[in-house]
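K.L.:
Enclosed is the structure file entry.tsv (TSV, N, CA and C atoms).
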chain	number	residue	atom	x	y	z
X	1	MET	N	346.94	167.81	-75.26
X	1	MET	CA	346.10	167.22	-76.28
X	1	MET	C	345.52	168.36	-77.13
X	2	GLY	N	345.69	168.30	-78.43
X	2	GLY	CA	345.19	169.34	-79.33
X	2	GLY	C	343.75	169.11	-79.73
X	3	VAL	N	343.21	170.06	-80.44
X	3	VAL	CA	341.82	169.98	-80.91
X	3	VAL	C	341.61	168.74	-81.77
X	4	ALA	N	342.57	168.42	-82.62
X	4	ALA	CA	342.43	167.26	-83.50
X	4	ALA	C	342.33	165.96	-82.71
X	5	ASP	N	342.94	165.91	-81.52
X	5	ASP	CA	342.91	164.70	-80.71
X	5	ASP	C	341.55	164.46	-80.08
X	6	THR	N	340.76	165.51	-79.87
X	6	THR	CA	339.48	165.36	-79.18
X	6	THR	C	338.29	165.50	-80.12
X	7	ALA	N	338.52	165.83	-81.37
X	7	ALA	CA	337.42	166.01	-82.32
X	7	ALA	C	336.76	164.67	-82.61
X	8	ARG	N	335.45	164.72	-82.80
X	8	ARG	CA	334.71	163.51	-83.17
X	8	ARG	C	334.91	163.22	-84.64
X	9	PRO	N	334.87	161.94	-85.02
X	9	PRO	CA	335.01	161.63	-86.44
X	9	PRO	C	333.81	162.15	-87.22
X	10	ILE	N	334.03	162.53	-88.44
X	10	ILE	CA	332.97	163.04	-89.30
X	10	ILE	C	332.16	161.85	-89.82
X	11	THR	N	330.84	161.93	-89.67
X	11	THR	CA	329.97	160.88	-90.18
X	11	THR	C	329.73	161.14	-91.65
X	12	ARG	N	330.06	160.15	-92.47
X	12	ARG	CA	329.82	160.33	-93.89
X	12	ARG	C	328.54	159.61	-94.26
X	13	GLY	N	327.87	160.11	-95.28
X	13	GLY	CA	326.65	159.48	-95.75
X	13	GLY	C	326.95	158.17	-96.46
X	14	MET	N	325.97	157.68	-97.18
X	14	MET	CA	326.13	156.42	-97.90
X	14	MET	C	325.91	156.67	-99.38
X	15	SER	N	326.60	155.90	-100.19
X	15	SER	CA	326.42	156.00	-101.64
X	15	SER	C	325.11	155.33	-102.03
X	16	ARG	N	324.66	155.60	-103.24
X	16	ARG	CA	323.43	154.98	-103.76
X	16	ARG	C	323.58	153.46	-103.75
X	17	ASP	N	324.73	152.95	-104.19
X	17	ASP	CA	324.96	151.50	-104.22
X	17	ASP	C	324.91	150.89	-102.82
X	18	GLU	N	325.49	151.60	-101.84
X	18	GLU	CA	325.44	151.11	-100.45
X	18	GLU	C	324.00	151.06	-99.95
X	19	LEU	N	323.23	152.08	-100.26
X	19	LEU	CA	321.83	152.13	-99.83
X	19	LEU	C	321.01	151.00	-100.45
X	20	LEU	N	321.23	150.74	-101.73
X	20	LEU	CA	320.46	149.70	-102.42
X	20	LEU	C	320.87	148.30	-101.99
X	21	ALA	N	322.04	148.15	-101.40
X	21	ALA	CA	322.52	146.83	-100.97
X	21	ALA	C	322.16	146.50	-99.52
X	22	LEU	N	321.45	147.38	-98.84
X	22	LEU	CA	321.10	147.14	-97.44
X	22	LEU	C	320.11	146.00	-97.29
X	23	PRO	N	320.14	145.28	-96.15
X	23	PRO	CA	319.15	144.23	-95.89
X	23	PRO	C	317.76	144.83	-95.65
X	24	ALA	N	316.76	144.00	-95.42
X	24	ALA	CA	315.37	144.43	-95.28
X	24	ALA	C	315.16	145.44	-94.14
X	25	ALA	N	315.92	145.31	-93.08
X	25	ALA	CA	315.84	146.26	-91.97
X	25	ALA	C	317.26	146.51	-91.48
X	26	VAL	N	317.49	147.73	-91.01
X	26	VAL	CA	318.83	148.10	-90.54
X	26	VAL	C	318.75	148.69	-89.15
X	27	ASP	N	319.88	148.69	-88.45
X	27	ASP	CA	319.91	149.31	-87.13
X	27	ASP	C	319.87	150.83	-87.27
X	28	LEU	N	319.61	151.49	-86.19
X	28	LEU	CA	319.45	152.94	-86.21
X	28	LEU	C	320.75	153.64	-86.61
X	29	GLU	N	321.89	153.08	-86.23
X	29	GLU	CA	323.18	153.68	-86.60
X	29	GLU	C	323.33	153.73	-88.12
X	30	THR	N	322.95	152.66	-88.80
X	30	THR	CA	323.05	152.62	-90.26
X	30	THR	C	322.09	153.60	-90.89
X	31	ALA	N	320.86	153.66	-90.39
X	31	ALA	CA	319.87	154.61	-90.91
X	31	ALA	C	320.33	156.05	-90.68
X	32	ASN	N	320.89	156.31	-89.50
X	32	ASN	CA	321.42	157.65	-89.23
X	32	ASN	C	322.49	158.02	-90.24
X	33	ARG	N	323.37	157.09	-90.53
X	33	ARG	CA	324.44	157.35	-91.49
X	33	ARG	C	323.86	157.65	-92.87
X	34	ALA	N	322.86	156.87	-93.28
X	34	ALA	CA	322.23	157.07	-94.59
X	34	ALA	C	321.60	158.46	-94.68
X	35	LEU	N	321.05	158.93	-93.58
X	35	LEU	CA	320.37	160.23	-93.55
X	35	LEU	C	321.30	161.38	-93.19
X	36	GLY	N	322.53	161.06	-92.84
X	36	GLY	CA	323.47	162.11	-92.45
X	36	GLY	C	323.20	162.67	-91.07
X	37	LEU	N	322.57	161.86	-90.21
X	37	LEU	CA	322.28	162.28	-88.84
X	37	LEU	C	323.37	161.77	-87.90
X	38	GLY	N	323.68	162.56	-86.90
X	38	GLY	CA	324.59	162.11	-85.86
X	38	GLY	C	323.88	161.11	-84.95
X	39	ARG	N	324.67	160.36	-84.21
X	39	ARG	CA	324.13	159.32	-83.33
X	39	ARG	C	323.13	159.88	-82.32
X	40	SER	N	323.52	160.92	-81.62
X	40	SER	CA	322.65	161.50	-80.58
X	40	SER	C	321.34	162.01	-81.16
X	41	LYS	N	321.42	162.73	-82.26
X	41	LYS	CA	320.22	163.30	-82.88
X	41	LYS	C	319.29	162.18	-83.36
X	42	GLY	N	319.84	161.16	-83.99
X	42	GLY	CA	319.03	160.05	-84.48
X	42	GLY	C	318.29	159.33	-83.35
X	43	TYR	N	319.00	159.05	-82.26
X	43	TYR	CA	318.36	158.38	-81.13
X	43	TYR	C	317.33	159.29	-80.47
X	44	GLU	N	317.62	160.57	-80.40
X	44	GLU	CA	316.68	161.53	-79.82
X	44	GLU	C	315.38	161.54	-80.63
X	45	LEU	N	315.49	161.61	-81.96
X	45	LEU	CA	314.30	161.61	-82.82
X	45	LEU	C	313.52	160.31	-82.70
X	46	ALA	N	314.23	159.18	-82.67
X	46	ALA	CA	313.56	157.88	-82.55
X	46	ALA	C	312.81	157.78	-81.22
X	47	LYS	N	313.45	158.19	-80.16
X	47	LYS	CA	312.84	158.12	-78.83
X	47	LYS	C	311.58	158.97	-78.75
X	48	ARG	N	311.58	160.13	-79.41
X	48	ARG	CA	310.42	161.03	-79.40
X	48	ARG	C	309.36	160.65	-80.44
X	49	GLY	N	309.64	159.63	-81.26
X	49	GLY	CA	308.70	159.25	-82.31
X	49	GLY	C	308.71	160.22	-83.47
X	50	GLU	N	309.81	160.94	-83.67
X	50	GLU	CA	309.90	161.96	-84.71
X	50	GLU	C	310.94	161.62	-85.79
X	51	TYR	N	311.39	160.37	-85.83
X	51	TYR	CA	312.36	159.97	-86.86
X	51	TYR	C	311.68	160.13	-88.22
X	52	PRO	N	312.41	160.51	-89.26
X	52	PRO	CA	311.77	160.81	-90.54
X	52	PRO	C	311.16	159.61	-91.27
X	53	CYS	N	311.38	158.40	-90.78
X	53	CYS	CA	310.67	157.23	-91.32
X	53	CYS	C	310.37	156.30	-90.15
X	54	ARG	N	309.57	155.29	-90.41
X	54	ARG	CA	309.10	154.41	-89.34
X	54	ARG	C	310.26	153.67	-88.68
X	55	VAL	N	310.25	153.66	-87.35
X	55	VAL	CA	311.26	152.96	-86.55
X	55	VAL	C	310.55	151.88	-85.75
X	56	LEU	N	311.08	150.67	-85.81
X	56	LEU	CA	310.54	149.55	-85.04
X	56	LEU	C	311.35	149.40	-83.77
X	57	ARG	N	310.69	149.19	-82.66
X	57	ARG	CA	311.38	148.98	-81.39
X	57	ARG	C	311.32	147.49	-81.09
X	58	LEU	N	312.46	146.84	-81.06
X	58	LEU	CA	312.55	145.41	-80.77
X	58	LEU	C	313.38	145.23	-79.51
X	59	GLY	N	312.70	145.10	-78.39
X	59	GLY	CA	313.40	145.05	-77.11
X	59	GLY	C	314.10	146.38	-76.87
X	60	ASN	N	315.40	146.33	-76.70
X	60	ASN	CA	316.17	147.56	-76.50
X	60	ASN	C	316.73	148.12	-77.80
X	61	ALA	N	316.45	147.46	-78.91
X	61	ALA	CA	317.03	147.87	-80.19
X	61	ALA	C	316.01	148.58	-81.07
X	62	TYR	N	316.51	149.50	-81.86
X	62	TYR	CA	315.70	150.16	-82.88
X	62	TYR	C	316.07	149.59	-84.24
X	63	ARG	N	315.07	149.37	-85.10
X	63	ARG	CA	315.30	148.93	-86.48
X	63	ARG	C	314.49	149.82	-87.40
X	64	VAL	N	315.05	150.09	-88.56
X	64	VAL	CA	314.40	150.91	-89.57
X	64	VAL	C	314.19	150.04	-90.81
X	65	VAL	N	312.97	150.04	-91.35
X	65	VAL	CA	312.66	149.27	-92.55
X	65	VAL	C	313.36	149.94	-93.73
X	66	THR	N	314.21	149.18	-94.39
X	66	THR	CA	315.04	149.73	-95.46
X	66	THR	C	314.21	150.30	-96.61
X	67	ALA	N	313.12	149.66	-96.97
X	67	ALA	CA	312.28	150.16	-98.07
X	67	ALA	C	311.78	151.58	-97.77
X	68	GLU	N	311.40	151.84	-96.52
X	68	GLU	CA	310.93	153.18	-96.15
X	68	GLU	C	312.08	154.19	-96.18
X	69	LEU	N	313.24	153.75	-95.74
X	69	LEU	CA	314.43	154.62	-95.79
X	69	LEU	C	314.78	154.97	-97.24
X	70	GLN	N	314.73	153.97	-98.11
X	70	GLN	CA	315.03	154.21	-99.52
X	70	GLN	C	313.99	155.12	-100.17
X	71	THR	N	312.72	154.95	-99.81
X	71	THR	CA	311.67	155.82	-100.33
X	71	THR	C	311.90	157.26	-99.88
X	72	LEU	N	312.22	157.44	-98.62
X	72	LEU	CA	312.49	158.78	-98.09
X	72	LEU	C	313.65	159.44	-98.85
X	73	LEU	N	314.63	158.65	-99.24
X	73	LEU	CA	315.79	159.17	-99.95
X	73	LEU	C	315.60	159.21	-101.48
X	74	GLY	N	314.40	158.86	-101.94
X	74	GLY	CA	314.11	158.93	-103.37
X	74	GLY	C	314.71	157.80	-104.17
X	75	LEU	N	314.94	156.65	-103.54
X	75	LEU	CA	315.55	155.51	-104.22
X	75	LEU	C	314.59	154.35	-104.43
X	76	ALA	N	313.32	154.54	-104.12
X	76	ALA	CA	312.35	153.45	-104.26
X	76	ALA	C	312.18	153.08	-105.73
X	77	ALA	N	312.02	151.78	-105.94
X	77	ALA	CA	311.88	151.29	-107.33
X	77	ALA	C	310.48	151.57	-107.85
Any chance you could put this one into structure tokens?
P.N.:
Amino acid sequence: MGVADTARPITRGMSRDELLALPAAVDLETANRALGLGRSKGYELAKRGEYPCRVLRLGNAYRVVTAELQTLLGLAA
């Protein structure tokens, strides 16, 4: 098995149009993608309460308020 076979896929960010089309709240995976964070780093920051915007904990799931994410990225209306 070569290096290419074991490499992780590259996480790409989101376009402005994709960000503006998001629902009112998104899962942590989507927020991580918007911020260019890897899965492990995003969950680590959320767990420590250090995510760059407010994270809501709903049972076992994390949700990020899209308006706060858009403000952080300079897309607020």
K.L.:
Which residues are near Arg63 (chain X)? Cut-off 10 Å, only C-alpha atoms, ignore same chain within fewer than 2 positions. Put them as number ranges by chain.
P.N.:
X: 24-31, 46, 54-58, 61, 65-66
K.L.:
Please, what distance in Å, to one decimal, runs between atom N of Val64 (chain X) and CA of Tyr43 (chain X)?
P.N.:
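Distance between the two atoms: 11.6 Å.
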K.L.:
So how far away is CA of Thr71 (chain X) from CA of Lys47 (chain X), in Å?
P.N.:
21.7 Å
K.L.:
Can you tell me, as a PyMOL selection string, what residues are no more than 9 Å from Leu35 (chain X) when counting only C-alpha atoms, ignoring any on the same chain fewer than 5 positions away?
P.N.:
chain X and resi 13-14+30+69+73
K.L.:
Counting all atoms listed in the file, which residue out of X:Leu45, X:Cys53, X:Leu37, X:Leu22 sits closest to Glu68 (chain X)?
P.N.:
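Closest residue, counting all atoms listed in the file: X:Cys53.
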K.L.:
What gap, in Å, lies between atom C of Ala67 (chain X) and CA of Ser40 (chain X)?
P.N.:
22.6 Å
K.L.:
Identify all residues of region 11-47 of chain X in alpha helix (DSSP H) (DSSP on the backbone) and supply them as a PyMOL selection string.
P.N.:
chain X and resi 16-20+28-35+39-47
K.L.:
Please run DSSP on the backbone and report, as an MDAnalysis selection string, all residues within chain X that come out as strand (DSSP E or B).
P.N.:
chainID X and resid 25:27 55:58 61:65
K.L.:
Return as JSON the box centre and box size in Å, one decimal, for an axis-aligned box around all listed atoms of region 55-72 of chain X padded by 5 Å per side.
P.N.:
{"center_x": 313.6, "center_y": 152.2, "center_z": -88.4, "size_x": 16.8, "size_y": 24.4, "size_z": 33.8}
K.L.:
Put chain X into a file with C-alpha atoms, as a CSV table (one decimal), in the first residue's frame.
P.N.:
chain,number,residue,atom,x,y,z
X,1,MET,CA,0.0,0.0,0.0
X,2,GLY,CA,1.5,3.3,-1.0
X,3,VAL,CA,1.4,6.7,0.7
X,4,ALA,CA,-1.5,7.8,-1.6
X,5,ASP,CA,-3.6,4.8,-0.4
X,6,THR,CA,-3.4,5.8,3.3
X,7,ALA,CA,-3.5,9.6,3.0
X,8,ARG,CA,-6.5,11.3,4.5
X,9,PRO,CA,-8.7,13.3,2.1
X,10,ILE,CA,-8.0,17.1,2.0
X,11,THR,CA,-10.8,19.1,3.7
X,12,ARG,CA,-11.8,21.9,1.5
X,13,GLY,CA,-13.4,25.1,2.8
X,14,MET,CA,-16.8,26.4,1.7
X,15,SER,CA,-17.6,29.1,-0.9
X,16,ARG,CA,-19.4,32.3,0.1
X,17,ASP,CA,-22.6,31.0,-1.6
X,18,GLU,CA,-22.4,27.7,0.3
X,19,LEU,CA,-22.0,29.6,3.6
X,20,LEU,CA,-24.9,31.9,2.9
X,21,ALA,CA,-27.2,29.0,2.0
X,22,LEU,CA,-26.7,27.1,5.3
X,23,PRO,CA,-29.7,26.5,7.6
X,24,ALA,CA,-30.1,28.3,11.0
X,25,ALA,CA,-27.8,25.8,12.8
X,26,VAL,CA,-25.3,23.3,11.4
X,27,ASP,CA,-23.5,20.3,12.7
X,28,LEU,CA,-19.9,20.6,13.9
X,29,GLU,CA,-18.6,18.8,10.8
X,30,THR,CA,-20.1,21.5,8.6
X,31,ALA,CA,-18.8,24.3,10.8
X,32,ASN,CA,-15.3,22.7,10.8
X,33,ARG,CA,-15.4,22.6,7.0
X,34,ALA,CA,-16.4,26.3,6.8
X,35,LEU,CA,-13.5,27.2,9.1
X,36,GLY,CA,-11.0,24.9,7.5
X,37,LEU,CA,-10.6,22.9,10.7
X,38,GLY,CA,-10.0,19.2,10.7
X,39,ARG,CA,-12.5,16.9,12.4
X,40,SER,CA,-10.3,16.1,15.4
X,41,LYS,CA,-9.2,19.7,16.0
X,42,GLY,CA,-12.8,20.9,15.7
X,43,TYR,CA,-14.1,18.4,18.2
X,44,GLU,CA,-11.2,19.0,20.6
X,45,LEU,CA,-11.9,22.8,20.6
X,46,ALA,CA,-15.7,22.3,21.1
X,47,LYS,CA,-15.1,19.8,24.0
X,48,ARG,CA,-12.8,22.3,25.7
X,49,GLY,CA,-15.2,25.2,25.1
X,50,GLU,CA,-12.6,26.9,22.9
X,51,TYR,CA,-14.4,26.7,19.5
X,52,PRO,CA,-14.1,30.1,17.8
X,53,CYS,CA,-17.9,30.6,17.9
X,54,ARG,CA,-20.7,29.5,20.2
X,55,VAL,CA,-21.4,25.7,20.1
X,56,LEU,CA,-24.6,24.3,21.4
X,57,ARG,CA,-24.6,20.8,23.0
X,58,LEU,CA,-27.8,18.9,22.2
X,59,GLY,CA,-27.5,15.4,23.8
X,60,ASN,CA,-24.5,13.9,22.1
X,61,ALA,CA,-24.5,16.3,19.2
X,62,TYR,CA,-22.9,19.6,18.7
X,63,ARG,CA,-24.6,22.4,16.7
X,64,VAL,CA,-23.2,25.8,15.7
X,65,VAL,CA,-25.5,28.8,15.1
X,66,THR,CA,-25.0,29.7,11.5
X,67,ALA,CA,-25.4,33.5,12.0
X,68,GLU,CA,-22.4,33.4,14.5
X,69,LEU,CA,-20.4,31.4,12.0
X,70,GLN,CA,-21.1,33.8,9.2
X,71,THR,CA,-20.2,36.8,11.5
X,72,LEU,CA,-16.9,35.2,12.4
X,73,LEU,CA,-16.2,34.7,8.7
X,74,GLY,CA,-17.2,38.3,7.9
X,75,LEU,CA,-20.3,37.4,6.0
X,76,ALA,CA,-22.9,38.9,8.4
X,77,ALA,CA,-25.5,41.2,6.7
